[in-house]
>>> print(open('protein04.pdb').read())   # PDB, C-alpha atoms
ATOM      1  CA  MET A  18      63.980 -29.003  -6.003
ATOM      2  CA  SER A  19      62.729 -28.698  -2.455
ATOM      3  CA  GLU A  20      59.930 -31.283  -2.857
ATOM      4  CA  GLU A  21      62.535 -33.884  -3.723
ATOM      5  CA  THR A  22      64.849 -32.898  -0.906
ATOM      6  CA  LEU A  23      62.021 -32.761   1.634
ATOM      7  CA  SER A  24      60.957 -36.271   0.595
ATOM      8  CA  GLU A  25      64.544 -37.472   1.080
ATOM      9  CA  PHE A  26      64.702 -35.855   4.490
ATOM     10  CA  ILE A  27      61.410 -37.474   5.544
ATOM     11  CA  GLU A  28      62.618 -40.847   4.294
ATOM     12  CA  GLU A  29      65.704 -40.579   6.496
ATOM     13  CA  LEU A  30      63.686 -39.173   9.380
ATOM     14  CA  ILE A  31      61.421 -42.226   9.374
ATOM     15  CA  LYS A  32      64.315 -44.666   9.018
ATOM     16  CA  ARG A  33      66.542 -43.094  11.656
ATOM     17  CA  GLY A  34      63.885 -43.058  14.368
ATOM     18  CA  GLU A  35      63.660 -40.782  17.386
ATOM     19  CA  PRO A  36      64.972 -38.556  18.760
ATOM     20  CA  VAL A  37      65.903 -36.814  15.537
ATOM     21  CA  PRO A  38      69.685 -37.147  15.145
ATOM     22  CA  ARG A  39      71.609 -33.877  15.136
ATOM     23  CA  ASP A  40      73.674 -34.846  12.086
ATOM     24  CA  LEU A  41      70.516 -35.387  10.066
ATOM     25  CA  ILE A  42      69.356 -31.839  10.737
ATOM     26  CA  GLU A  43      72.796 -30.457   9.897
ATOM     27  CA  LYS A  44      72.921 -32.481   6.675
ATOM     28  CA  TYR A  45      69.711 -30.926   5.386
ATOM     29  CA  LYS A  46      69.970 -27.446   6.847
ATOM     30  CA  GLY A  47      72.223 -26.210   4.076
ATOM     31  CA  LYS A  48      70.146 -27.749   1.284
ATOM     32  CA  ASP A  49      67.260 -26.250  -0.633
ATOM     33  CA  VAL A  50      64.612 -26.959   1.995
ATOM     34  CA  PRO A  51      63.727 -24.124   4.387
ATOM     35  CA  PRO A  52      64.363 -24.928   8.071
ATOM     36  CA  SER A  53      60.656 -24.293   8.688
ATOM     37  CA  GLU A  54      59.782 -27.289   6.492
ATOM     38  CA  LEU A  55      62.301 -29.511   8.230
ATOM     39  CA  ALA A  56      60.795 -28.395  11.538
ATOM     40  CA  GLY A  57      57.231 -29.036  10.340
ATOM     41  CA  SER A  58      58.184 -32.545   9.232
ATOM     42  CA  MET A  59      59.856 -33.269  12.554
ATOM     43  CA  LEU A  60      56.824 -32.109  14.501
ATOM     44  CA  ALA A  61      54.459 -34.165  12.340
ATOM     45  CA  ARG A  62      56.649 -37.228  12.786
ATOM     46  CA  ALA A  63      56.871 -36.794  16.543
ATOM     47  CA  ALA A  64      53.123 -36.157  16.938
ATOM     48  CA  LEU A  65      52.085 -39.155  14.853
ATOM     49  CA  LYS A  66      54.304 -41.702  16.540
ATOM     50  CA  GLY A  67      52.050 -41.712  19.577
ATOM     51  CA  PRO A  68      50.097 -42.295  21.658
ATOM     52  CA  ASP A  69      50.744 -45.956  22.321
ATOM     53  CA  ALA A  70      47.686 -48.111  22.659
ATOM     54  CA  PRO A  71      47.288 -49.728  26.081
ATOM     55  CA  SER A  72      47.802 -53.492  25.983
ATOM     56  CA  SER A  73      44.264 -53.943  27.302
ATOM     57  CA  ALA A  74      42.993 -52.166  24.168
ATOM     58  CA  LEU A  75      44.773 -54.680  21.936
ATOM     59  CA  GLN A  76      43.329 -57.567  23.925
ATOM     60  CA  ASN A  77      39.828 -56.079  23.779
ATOM     61  CA  SER A  78      40.176 -55.672  20.047
ATOM     62  CA  GLU A  79      41.249 -59.298  19.669
ATOM     63  CA  ARG A  80      38.239 -60.384  21.689
ATOM     64  CA  ARG A  81      35.846 -58.289  19.605
ATOM     65  CA  VAL A  82      37.233 -59.586  16.324
ATOM     66  CA  SER A  83      36.900 -63.091  17.612
ATOM     67  CA  GLU A  84      33.288 -62.482  18.637
ATOM     68  CA  ALA A  85      32.524 -60.874  15.288
ATOM     69  CA  ALA A  86      34.034 -63.881  13.535
ATOM     70  CA  GLU A  87      31.916 -66.254  15.564
ATOM     71  CA  LYS A  88      28.824 -64.189  14.926
ATOM     72  CA  ALA A  89      29.539 -63.906  11.229
ATOM     73  CA  HIS A  90      29.671 -67.624  10.905
ATOM     74  CA  GLY A  91      26.391 -68.125  12.650
ATOM     75  CA  ARG A  92      27.456 -70.137  15.623
ATOM     76  CA  GLU A  93      27.967 -69.144  19.184
ATOM     77  CA  SER A  94      31.464 -69.386  20.528
ATOM     78  CA  GLN A  95      32.084 -72.279  22.847
ATOM     79  CA  PRO A  96      35.538 -71.652  24.264
ATOM     80  CA  ALA A  97      37.049 -73.936  26.813
ATOM     81  CA  PRO A  98      36.191 -72.410  30.168
ATOM     82  CA  HIS A  99      39.737 -72.326  31.489
ATOM     83  CA  ALA A 100      41.995 -71.885  28.514
ATOM     84  CA  ARG A 101      42.429 -68.524  26.789
ATOM     85  CA  THR A 102      42.348 -69.367  23.123
ATOM     86  CA  SER A 103      44.260 -67.074  20.795
ATOM     87  CA  LEU A 104      42.433 -64.799  18.395
ATOM     88  CA  GLY A 105      43.914 -66.710  15.468
ATOM     89  CA  ALA A 106      42.684 -70.042  16.786
ATOM     90  CA  ARG A 107      39.206 -68.687  17.380
ATOM     91  CA  VAL A 108      38.995 -67.073  13.954
ATOM     92  CA  LEU A 109      40.331 -70.274  12.378
ATOM     93  CA  ARG A 110      37.703 -72.341  14.185
ATOM     94  CA  ALA A 111      34.947 -70.075  12.912
ATOM     95  CA  ALA A 112      36.345 -70.118   9.364
ATOM     96  CA  LEU A 113      36.593 -73.905   9.358
ATOM     97  CA  ARG A 114      32.990 -74.159  10.505
ATOM     98  CA  LEU A 115      31.956 -71.910   7.645
ATOM     99  CA  LEU A 116      33.862 -74.052   5.166
ATOM    100  CA  ARG A 117      32.201 -77.162   6.557
ATOM    101  CA  LEU A 118      28.790 -75.541   6.150
ATOM    102  CA  ARG A 119      29.609 -74.558   2.568
ATOM    103  CA  ASN A 120      30.721 -78.093   1.708
ATOM    104  CA  LYS A 121      27.545 -79.676   2.991
TER     105      LYS A 121
ATOM    106  CA  MET B  25      53.469 -65.025  16.094
ATOM    107  CA  PRO B  26      53.023 -67.201  12.970
ATOM    108  CA  TYR B  27      53.656 -65.753   9.511
ATOM    109  CA  GLU B  28      55.527 -62.756  10.969
ATOM    110  CA  GLY B  29      57.748 -62.374   7.932
ATOM    111  CA  GLU B  30      54.997 -62.743   5.355
ATOM    112  CA  SER B  31      53.698 -59.895   3.235
ATOM    113  CA  ASP B  32      50.201 -58.503   3.592
ATOM    114  CA  HIS B  33      49.376 -60.119   0.268
ATOM    115  CA  GLU B  34      50.296 -63.558   1.528
ATOM    116  CA  LEU B  35      48.445 -63.034   4.796
ATOM    117  CA  VAL B  36      45.243 -61.844   3.149
ATOM    118  CA  GLY B  37      45.407 -64.878   0.865
ATOM    119  CA  ARG B  38      45.741 -67.133   3.879
ATOM    120  CA  VAL B  39      42.790 -65.489   5.667
ATOM    121  CA  ALA B  40      40.657 -65.810   2.558
ATOM    122  CA  ALA B  41      41.559 -69.492   2.508
ATOM    123  CA  GLY B  42      40.307 -69.880   6.074
ATOM    124  CA  ASP B  43      43.524 -69.454   8.050
ATOM    125  CA  GLY B  44      42.512 -67.346  11.031
ATOM    126  CA  ALA B  45      46.006 -67.159  12.491
ATOM    127  CA  ALA B  46      46.981 -65.040   9.495
ATOM    128  CA  PHE B  47      44.395 -62.445  10.479
ATOM    129  CA  ASP B  48      45.872 -62.444  13.961
ATOM    130  CA  THR B  49      49.203 -61.441  12.412
ATOM    131  CA  LEU B  50      47.613 -58.635  10.394
ATOM    132  CA  HIS B  51      45.824 -57.443  13.512
ATOM    133  CA  ARG B  52      49.080 -57.272  15.495
ATOM    134  CA  ARG B  53      50.946 -55.676  12.597
ATOM    135  CA  TYR B  54      48.528 -52.780  12.211
ATOM    136  CA  TYR B  55      46.679 -52.354  15.508
ATOM    137  CA  ALA B  56      48.996 -49.672  16.959
ATOM    138  CA  ARG B  57      48.868 -47.600  13.792
ATOM    139  CA  ILE B  58      45.082 -47.794  13.486
ATOM    140  CA  TYR B  59      44.727 -46.906  17.157
ATOM    141  CA  ARG B  60      46.927 -43.823  16.689
ATOM    142  CA  LEU B  61      44.957 -42.842  13.603
ATOM    143  CA  ALA B  62      41.677 -43.177  15.508
ATOM    144  CA  TYR B  63      43.133 -41.117  18.327
ATOM    145  CA  LEU B  64      44.178 -38.452  15.828
ATOM    146  CA  GLN B  65      40.592 -38.340  14.577
ATOM    147  CA  THR B  66      38.846 -38.349  17.945
ATOM    148  CA  ASN B  67      41.381 -37.064  20.479
ATOM    149  CA  ASN B  68      39.948 -39.559  22.932
ATOM    150  CA  HIS B  69      41.425 -42.871  24.109
ATOM    151  CA  ALA B  70      38.119 -44.672  24.679
ATOM    152  CA  ASP B  71      36.847 -43.698  21.229
ATOM    153  CA  ALA B  72      40.178 -44.638  19.651
ATOM    154  CA  GLU B  73      39.989 -48.078  21.263
ATOM    155  CA  ASP B  74      36.424 -48.562  20.094
ATOM    156  CA  ILE B  75      37.123 -47.433  16.531
ATOM    157  CA  ALA B  76      40.297 -49.500  16.226
ATOM    158  CA  ALA B  77      38.489 -52.648  17.369
ATOM    159  CA  GLU B  78      35.542 -52.006  15.064
ATOM    160  CA  THR B  79      37.920 -51.370  12.160
ATOM    161  CA  PHE B  80      39.382 -54.856  12.501
ATOM    162  CA  CYS B  81      35.952 -56.438  12.951
ATOM    163  CA  ARG B  82      34.801 -54.865   9.694
ATOM    164  CA  ALA B  83      38.046 -55.732   7.964
ATOM    165  CA  PHE B  84      37.608 -59.365   8.948
ATOM    166  CA  GLU B  85      34.029 -59.402   7.708
ATOM    167  CA  ARG B  86      34.971 -57.853   4.363
ATOM    168  CA  ILE B  87      38.395 -59.260   3.699
ATOM    169  CA  GLY B  88      36.997 -61.604   1.050
ATOM    170  CA  GLN B  89      36.043 -58.549  -1.031
ATOM    171  CA  PHE B  90      39.365 -56.772  -0.539
ATOM    172  CA  GLY B  91      41.704 -56.263  -3.463
ATOM    173  CA  PHE B  92      45.178 -54.714  -3.274
ATOM    174  CA  LYS B  93      44.848 -52.719  -6.514
ATOM    175  CA  GLY B  94      48.555 -52.121  -6.854
ATOM    176  CA  CYS B  95      49.376 -51.227  -3.250
ATOM    177  CA  GLU B  96      51.236 -53.937  -1.364
ATOM    178  CA  SER B  97      49.977 -52.847   2.053
ATOM    179  CA  ILE B  98      46.583 -53.410   3.626
ATOM    180  CA  TYR B  99      47.056 -50.242   5.708
ATOM    181  CA  PRO B 100      45.301 -47.794   3.299
ATOM    182  CA  TRP B 101      42.187 -49.982   3.375
ATOM    183  CA  LEU B 102      42.197 -50.175   7.171
ATOM    184  CA  HIS B 103      42.849 -46.424   7.236
ATOM    185  CA  ARG B 104      39.693 -45.736   5.179
ATOM    186  CA  ILE B 105      37.550 -47.950   7.400
ATOM    187  CA  ALA B 106      38.871 -46.247  10.548
ATOM    188  CA  VAL B 107      38.409 -42.730   9.153
ATOM    189  CA  ASN B 108      34.832 -43.483   8.090
ATOM    190  CA  LEU B 109      34.036 -44.907  11.506
ATOM    191  CA  SER B 110      35.567 -41.812  13.145
ATOM    192  CA  ILE B 111      33.463 -39.515  10.990
ATOM    193  CA  ASP B 112      30.318 -41.430  11.922
ATOM    194  CA  LEU B 113      31.203 -41.305  15.596
ATOM    195  CA  CYS B 114      32.103 -37.632  15.642
ATOM    196  CA  ARG B 115      29.238 -36.433  13.462
ATOM    197  CA  ASP B 116      27.013 -35.638  16.397
ATOM    198  CA  ARG B 117      29.748 -34.475  18.685
ATOM    199  CA  SER B 118      31.650 -31.304  18.987
ATOM    200  CA  SER B 119      35.151 -31.969  17.713
ATOM    201  CA  ARG B 120      36.413 -28.780  19.280
ATOM    202  CA  VAL B 121      39.752 -29.183  20.958
ATOM    203  CA  THR B 122      40.674 -27.096  23.943
ATOM    204  CA  VAL B 123      44.319 -26.240  24.351
ATOM    205  CA  SER B 124      45.929 -24.123  27.039
ATOM    206  CA  LEU B 125      49.413 -22.749  26.484
ATOM    207  CA  ASP B 126      51.563 -20.187  28.215
ATOM    208  CA  THR B 127      53.411 -17.494  26.306
ATOM    209  CA  ASP B 128      56.855 -19.054  26.747
ATOM    210  CA  THR B 129      55.627 -22.279  25.204
ATOM    211  CA  ILE B 130      54.029 -20.422  22.324
ATOM    212  CA  GLU B 131      57.331 -18.665  21.637
ATOM    213  CA  GLY B 132      59.181 -21.977  21.921
ATOM    214  CA  ILE B 133      57.002 -23.543  19.224
ATOM    215  CA  ARG B 134      57.311 -20.478  17.000
ATOM    216  CA  GLY B 135      61.081 -20.431  17.377
ATOM    217  CA  PHE B 136      61.265 -24.085  16.452
ATOM    218  CA  LEU B 137      58.959 -23.752  13.444
ATOM    219  CA  ASP B 138      60.574 -20.578  12.122
ATOM    220  CA  ARG B 139      64.232 -21.132  12.638
ATOM    221  CA  LEU B 140      64.816 -24.672  13.792
ATOM    222  CA  ALA B 141      66.961 -22.777  16.263
ATOM    223  CA  ASP B 142      69.677 -25.274  17.115
ATOM    224  CA  ALA B 143      66.815 -27.740  17.433
ATOM    225  CA  HIS B 144      66.194 -26.588  20.999
ATOM    226  CA  PRO B 145      63.704 -27.499  22.138
ATOM    227  CA  THR B 146      63.687 -30.706  20.111
ATOM    228  CA  PRO B 147      60.344 -31.911  18.740
ATOM    229  CA  GLU B 148      60.351 -34.645  21.354
ATOM    230  CA  GLU B 149      60.842 -32.112  24.137
ATOM    231  CA  LEU B 150      58.055 -29.937  22.762
ATOM    232  CA  LEU B 151      55.697 -32.855  22.445
ATOM    233  CA  GLU B 152      56.297 -34.026  25.985
ATOM    234  CA  ARG B 153      53.540 -31.568  26.782
ATOM    235  CA  HIS B 154      50.149 -33.069  26.144
ATOM    236  CA  GLU B 155      48.729 -29.692  25.078
ATOM    237  CA  ILE B 156      51.282 -29.383  22.274
ATOM    238  CA  GLN B 157      50.605 -32.930  21.102
ATOM    239  CA  THR B 158      46.924 -32.032  20.993
ATOM    240  CA  LEU B 159      47.640 -28.813  19.118
ATOM    241  CA  VAL B 160      49.785 -30.518  16.472
ATOM    242  CA  ARG B 161      47.416 -33.452  16.049
ATOM    243  CA  ALA B 162      44.410 -31.144  15.750
ATOM    244  CA  SER B 163      46.334 -29.148  13.134
ATOM    245  CA  ILE B 164      47.082 -32.303  11.147
ATOM    246  CA  ALA B 165      43.453 -33.417  11.424
ATOM    247  CA  SER B 166      42.246 -30.092  10.042
ATOM    248  CA  LEU B 167      44.308 -30.230   6.829
ATOM    249  CA  SER B 168      42.611 -30.903   3.510
ATOM    250  CA  GLU B 169      41.818 -34.582   3.029
ATOM    251  CA  ASP B 170      44.547 -35.179   0.443
ATOM    252  CA  GLN B 171      47.250 -33.446   2.458
ATOM    253  CA  ARG B 172      46.192 -35.085   5.711
ATOM    254  CA  ASP B 173      46.048 -38.553   4.173
ATOM    255  CA  THR B 174      49.482 -38.127   2.596
ATOM    256  CA  ILE B 175      51.050 -37.037   5.884
ATOM    257  CA  VAL B 176      49.321 -39.772   7.849
ATOM    258  CA  PHE B 177      50.178 -42.473   5.291
ATOM    259  CA  ARG B 178      53.826 -41.374   5.328
ATOM    260  CA  PHE B 179      54.484 -40.723   9.005
ATOM    261  CA  LEU B 180      51.956 -42.884  10.807
ATOM    262  CA  GLY B 181      51.339 -45.647   8.269
ATOM    263  CA  GLU B 182      55.013 -45.585   7.255
ATOM    264  CA  LEU B 183      54.067 -46.335   3.665
ATOM    265  CA  SER B 184      56.598 -45.702   0.922
ATOM    266  CA  LEU B 185      55.947 -42.988  -1.644
ATOM    267  CA  LYS B 186      55.081 -45.680  -4.166
ATOM    268  CA  GLU B 187      52.596 -47.317  -1.809
ATOM    269  CA  ILE B 188      50.963 -43.962  -1.122
ATOM    270  CA  ALA B 189      50.833 -43.229  -4.845
ATOM    271  CA  ASP B 190      49.164 -46.587  -5.482
ATOM    272  CA  ALA B 191      46.700 -46.114  -2.626
ATOM    273  CA  MET B 192      45.770 -42.608  -3.715
ATOM    274  CA  HIS B 193      45.858 -43.320  -7.467
ATOM    275  CA  ARG B 194      48.444 -40.610  -8.058
ATOM    276  CA  SER B 195      51.974 -40.456  -9.375
ATOM    277  CA  GLU B 196      54.920 -40.458  -6.976
ATOM    278  CA  GLY B 197      55.687 -36.900  -8.074
ATOM    279  CA  ALA B 198      52.169 -35.832  -7.126
ATOM    280  CA  VAL B 199      52.577 -37.485  -3.715
ATOM    281  CA  LYS B 200      55.850 -35.609  -3.115
ATOM    282  CA  ALA B 201      54.106 -32.355  -4.019
ATOM    283  CA  LEU B 202      51.194 -33.174  -1.693
ATOM    284  CA  LEU B 203      53.571 -34.031   1.124
ATOM    285  CA  HIS B 204      55.391 -30.746   0.610
ATOM    286  CA  ARG B 205      52.181 -28.715   0.545
ATOM    287  CA  GLY B 206      50.894 -30.634   3.547
ATOM    288  CA  ILE B 207      53.961 -29.764   5.631
ATOM    289  CA  VAL B 208      53.743 -26.097   4.588
ATOM    290  CA  SER B 209      50.013 -26.036   5.431
ATOM    291  CA  LEU B 210      50.618 -27.795   8.732
ATOM    292  CA  ARG B 211      53.130 -25.177   9.810
ATOM    293  CA  LYS B 212      50.715 -22.424   8.808
ATOM    294  CA  GLU B 213      47.851 -24.085  10.667
ATOM    295  CA  ILE B 214      49.908 -24.451  13.846
ATOM    296  CA  LEU B 215      50.996 -20.811  13.709
ATOM    297  CA  GLU B 216      47.407 -19.662  13.147
ATOM    298  CA  ARG B 217      46.247 -21.662  16.141
ATOM    299  CA  LEU B 218      48.983 -20.119  18.254
ATOM    300  CA  SER B 219      47.868 -16.633  17.189
ATOM    301  CA  LYS B 220      44.314 -17.572  18.063
ATOM    302  CA  ILE B 221      45.423 -18.623  21.511
ATOM    303  CA  GLU B 222      47.072 -15.245  21.973
ATOM    304  CA  ARG B 223      43.964 -13.397  20.797
ATOM    305  CA  MET B 224      41.845 -15.391  23.232
ATOM    306  CA  ASP B 225      44.344 -14.564  25.922
ATOM    307  CA  LEU B 226      43.984 -10.888  25.184
ATOM    308  CA  LEU B 227      40.199 -11.082  25.091
ATOM    309  CA  ALA B 228      40.132 -12.995  28.342
ATOM    310  CA  HIS B 229      41.974 -10.124  29.946
ATOM    311  CA  THR B 230      39.765  -7.427  28.488
ATOM    312  CA  GLY B 231      36.638  -9.294  29.550
ATOM    313  CA  ASP B 232      35.479 -10.018  26.003
ATOM    314  CA  ALA B 233      36.202 -13.741  25.890
ATOM    315  CA  THR B 234      32.514 -14.618  25.950
ATOM    316  CA  ASN B 235      32.064 -12.788  22.666
ATOM    317  CA  VAL B 236      34.385 -15.171  20.852
ATOM    318  CA  ARG B 237      32.502 -18.166  19.578
ATOM    319  CA  GLY B 238      33.663 -21.314  17.866
ATOM    320  CA  ASP B 239      37.248 -21.026  18.930
ATOM    321  CA  SER B 240      39.070 -24.212  19.588
ATOM    322  CA  VAL B 241      41.598 -22.837  21.981
ATOM    323  CA  ARG B 242      41.794 -21.583  25.490
ATOM    324  CA  VAL B 243      44.726 -19.882  27.118
ATOM    325  CA  HIS B 244      46.297 -19.793  30.514
ATOM    326  CA  ARG B 245      48.561 -16.847  31.178
ATOM    327  CA  ARG B 246      51.656 -17.290  33.227
ATOM    328  CA  ALA B 247      51.124 -16.450  36.847
ATOM    329  CA  ASP B 248      53.583 -13.563  36.661
ATOM    330  CA  GLN B 249      51.529 -11.929  33.935
ATOM    331  CA  THR B 250      48.141 -12.108  35.541
ATOM    332  CA  GLY B 251      48.796  -9.820  38.402
TER     333      GLY B 251
END
>>> encode(input="protein04.pdb", output="structure tokens")
Amino acid sequence: MSEETLSEFIEELIKRGEPVPRDLIEKYKGKDVPPSELAGSMLARAALKGPDAPSSALQNSERRVSEAAEKAHGRESQPAPHARTSLGARVLRAALRLLRLRNK
Amino acid sequence: MPYEGESDHELVGRVAAGDGAAFDTLHRRYYARIYRLAYLQTNNHADAEDIAAETFCRAFERIGQFGFKGCESIYPWLHRIAVNLSIDLCRDRSSRVTVSLDTDTIEGIRGFLDRLADAHPTPEELLERHEIQTLVRASIASLSEDQRDTIVFRFLGELSLKEIADAMHRSEGAVKALLHRGIVSLRKEILERLSKIERMDLLAHTGDATNVRGDSVRVHRRADQTG
């Protein structure tokens, strides 16, 4: 059944990475999946593996989550002026403050 | 990075218990995928960055209410938040995508999609061109919600069939069928967009291009054809 075979092909496609290995195409070309469906899967895979996020975007996201965490817990952030605290540490600090407030 | 080898389940439990470093790990694990999803939805890097960041802010705020409901990955939940944010952002904007392609490229894509002709050009070679990436992504984005989600969960989220089935409340067989129909529809959508590009090309050369409204494509003829 071609749904089954297409699913198998996609499984291998994801595992094997890029570029798509020649032997993988050959292995499935003679099976019950039309080449057009193999090609469609390969294009979808290639299109959805990018674009890569710039590292500055990741850092901005970390900063925004940290600020949201601080805001959510009702206190302003007071980071050390010189040290860049990790997102995890900042979120942890905010969470601990919340727990302290709850325990009061 | 702490907790690198831990499952999403364990990490969410840690965050709920007040361990912020665990959220840091979830953020790093899924940021690239959510960014790519947001880019797929908006076709814009600045918007993708904004939506990805907001997705994690909202996830952090609501993680106490989150339940896995059978699926072992937090990705489907993040996916829903990001898609909803994208819809809100794009509601008042034109989501029209403009793509310019020459006739050789159009034939190259058709040859690949129809015959997988010796896999030349390879998908990677085709997608080196930004316009083709845009065309394929726009085609994926325009699929029905079920088909699009299945393709995105599988290829971008890299969820297993079981995880997708759990996230979508379907059987694995139904997910396989959706994936199959999604790939067939995607191919059809790409080919229709290519035909549209050619029609626009023809209209541009007969002076009627201004009469075509709502098209999402624009064409550039090869220099040797314009003379």
>>> resolve_selection(input="protein04.pdb", expression="the PyMOL selection byres ((chain B) within 7 of (chain A))", output="PyMOL selection string")
chain B and resi 42-48+56+59-60+73+77+80-81+136-140+147-148+151+157+160-161+179-180+200-201+204+207-208+210-211
>>> atom_distance(input="protein04.pdb", atom1="atom CA of Ala191 of chain B", atom2="atom CA of Trp101 of chain B")
8.4 Å
>>> atom_distance(input="protein04.pdb", atom1="atom CA of Glu85 of chain B", atom2="atom CA of Leu102 of chain B")
12.3 Å
>>> closest_residue(input="protein04.pdb", among="B:Ile133, B:Cys95, B:Leu218, B:Ser166", to="Leu185 of chain B", atoms="only C-alpha atoms")
B:Cys95
>>> axis_aligned_box(input="protein04.pdb", around="segment 70-80 of chain A", padding_each_side="5 Å", output="lines of an AutoDock Vina configuration file")
center_x = 43.0
center_y = -54.2
center_z = 23.5
size_x = 19.6
size_y = 22.3
size_z = 17.6
>>> resolve_selection(input="protein04.pdb", expression="the PyMOL selection byres ((chain B and resi 110) around 7)", output="ChimeraX atom specification")
/B:62,65-66,75,106-109,111-114
>>> atom_distance(input="protein04.pdb", atom1="atom CA of Arg172 of chain B", atom2="atom CA of Ile188 of chain B")
12.2 Å
>>> residues_around(input="protein04.pdb", residues="Asp170 of chain B", least_positions_apart="3", cutoff="12 Å", atoms="all atoms listed in the file", output="VMD selection string")
chain B and resid 164 to 167 173 to 177 188 to 189 191 to 194 198 to 206 209
>>> closest_residue(input="protein04.pdb", among="B:Ala162, B:Asp126, B:Ala40, B:Lys186", to="Tyr63 of chain B", atoms="only C-alpha atoms")
B:Ala162
>>> build_atoms(input="protein04.pdb", residues="segment 30-41 of chain A", atoms="N, CA and C atoms", output="PDB file, keeping the file's coordinate frame")
ATOM      1  N   LEU A  30      64.281 -39.431   8.067  1.00  0.00           N
ATOM      2  CA  LEU A  30      63.686 -39.173   9.380  1.00  0.00           C
ATOM      3  C   LEU A  30      62.949 -40.413   9.885  1.00  0.00           C
ATOM      4  N   ILE A  31      62.192 -41.036   8.989  1.00  0.00           N
ATOM      5  CA  ILE A  31      61.421 -42.226   9.374  1.00  0.00           C
ATOM      6  C   ILE A  31      62.361 -43.396   9.664  1.00  0.00           C
ATOM      7  N   LYS A  32      63.383 -43.540   8.839  1.00  0.00           N
ATOM      8  CA  LYS A  32      64.315 -44.666   9.018  1.00  0.00           C
ATOM      9  C   LYS A  32      65.149 -44.522  10.280  1.00  0.00           C
ATOM     10  N   ARG A  33      65.585 -43.292  10.566  1.00  0.00           N
ATOM     11  CA  ARG A  33      66.542 -43.094  11.656  1.00  0.00           C
ATOM     12  C   ARG A  33      65.883 -43.136  13.030  1.00  0.00           C
ATOM     13  N   GLY A  34      64.572 -42.960  13.085  1.00  0.00           N
ATOM     14  CA  GLY A  34      63.885 -43.058  14.368  1.00  0.00           C
ATOM     15  C   GLY A  34      64.046 -41.809  15.208  1.00  0.00           C
ATOM     16  N   GLU A  35      63.682 -41.932  16.479  1.00  0.00           N
ATOM     17  CA  GLU A  35      63.660 -40.782  17.386  1.00  0.00           C
ATOM     18  C   GLU A  35      64.643 -41.003  18.528  1.00  0.00           C
ATOM     19  N   PRO A  36      65.140 -39.946  19.145  1.00  0.00           N
ATOM     20  CA  PRO A  36      64.972 -38.556  18.760  1.00  0.00           C
ATOM     21  C   PRO A  36      65.717 -38.242  17.456  1.00  0.00           C
ATOM     22  N   VAL A  37      65.318 -37.148  16.832  1.00  0.00           N
ATOM     23  CA  VAL A  37      65.903 -36.814  15.537  1.00  0.00           C
ATOM     24  C   VAL A  37      67.402 -36.560  15.703  1.00  0.00           C
ATOM     25  N   PRO A  38      68.232 -37.312  14.969  1.00  0.00           N
ATOM     26  CA  PRO A  38      69.685 -37.147  15.145  1.00  0.00           C
ATOM     27  C   PRO A  38      70.148 -35.765  14.658  1.00  0.00           C
ATOM     28  N   ARG A  39      71.061 -35.218  15.416  1.00  0.00           N
ATOM     29  CA  ARG A  39      71.609 -33.877  15.136  1.00  0.00           C
ATOM     30  C   ARG A  39      72.243 -33.806  13.738  1.00  0.00           C
ATOM     31  N   ASP A  40      72.974 -34.874  13.374  1.00  0.00           N
ATOM     32  CA  ASP A  40      73.674 -34.846  12.086  1.00  0.00           C
ATOM     33  C   ASP A  40      72.694 -34.818  10.912  1.00  0.00           C
ATOM     34  N   LEU A  41      71.522 -35.386  11.134  1.00  0.00           N
ATOM     35  CA  LEU A  41      70.516 -35.387  10.066  1.00  0.00           C
ATOM     36  C   LEU A  41      70.018 -33.963   9.807  1.00  0.00           C
TER      37      LEU A  41
END
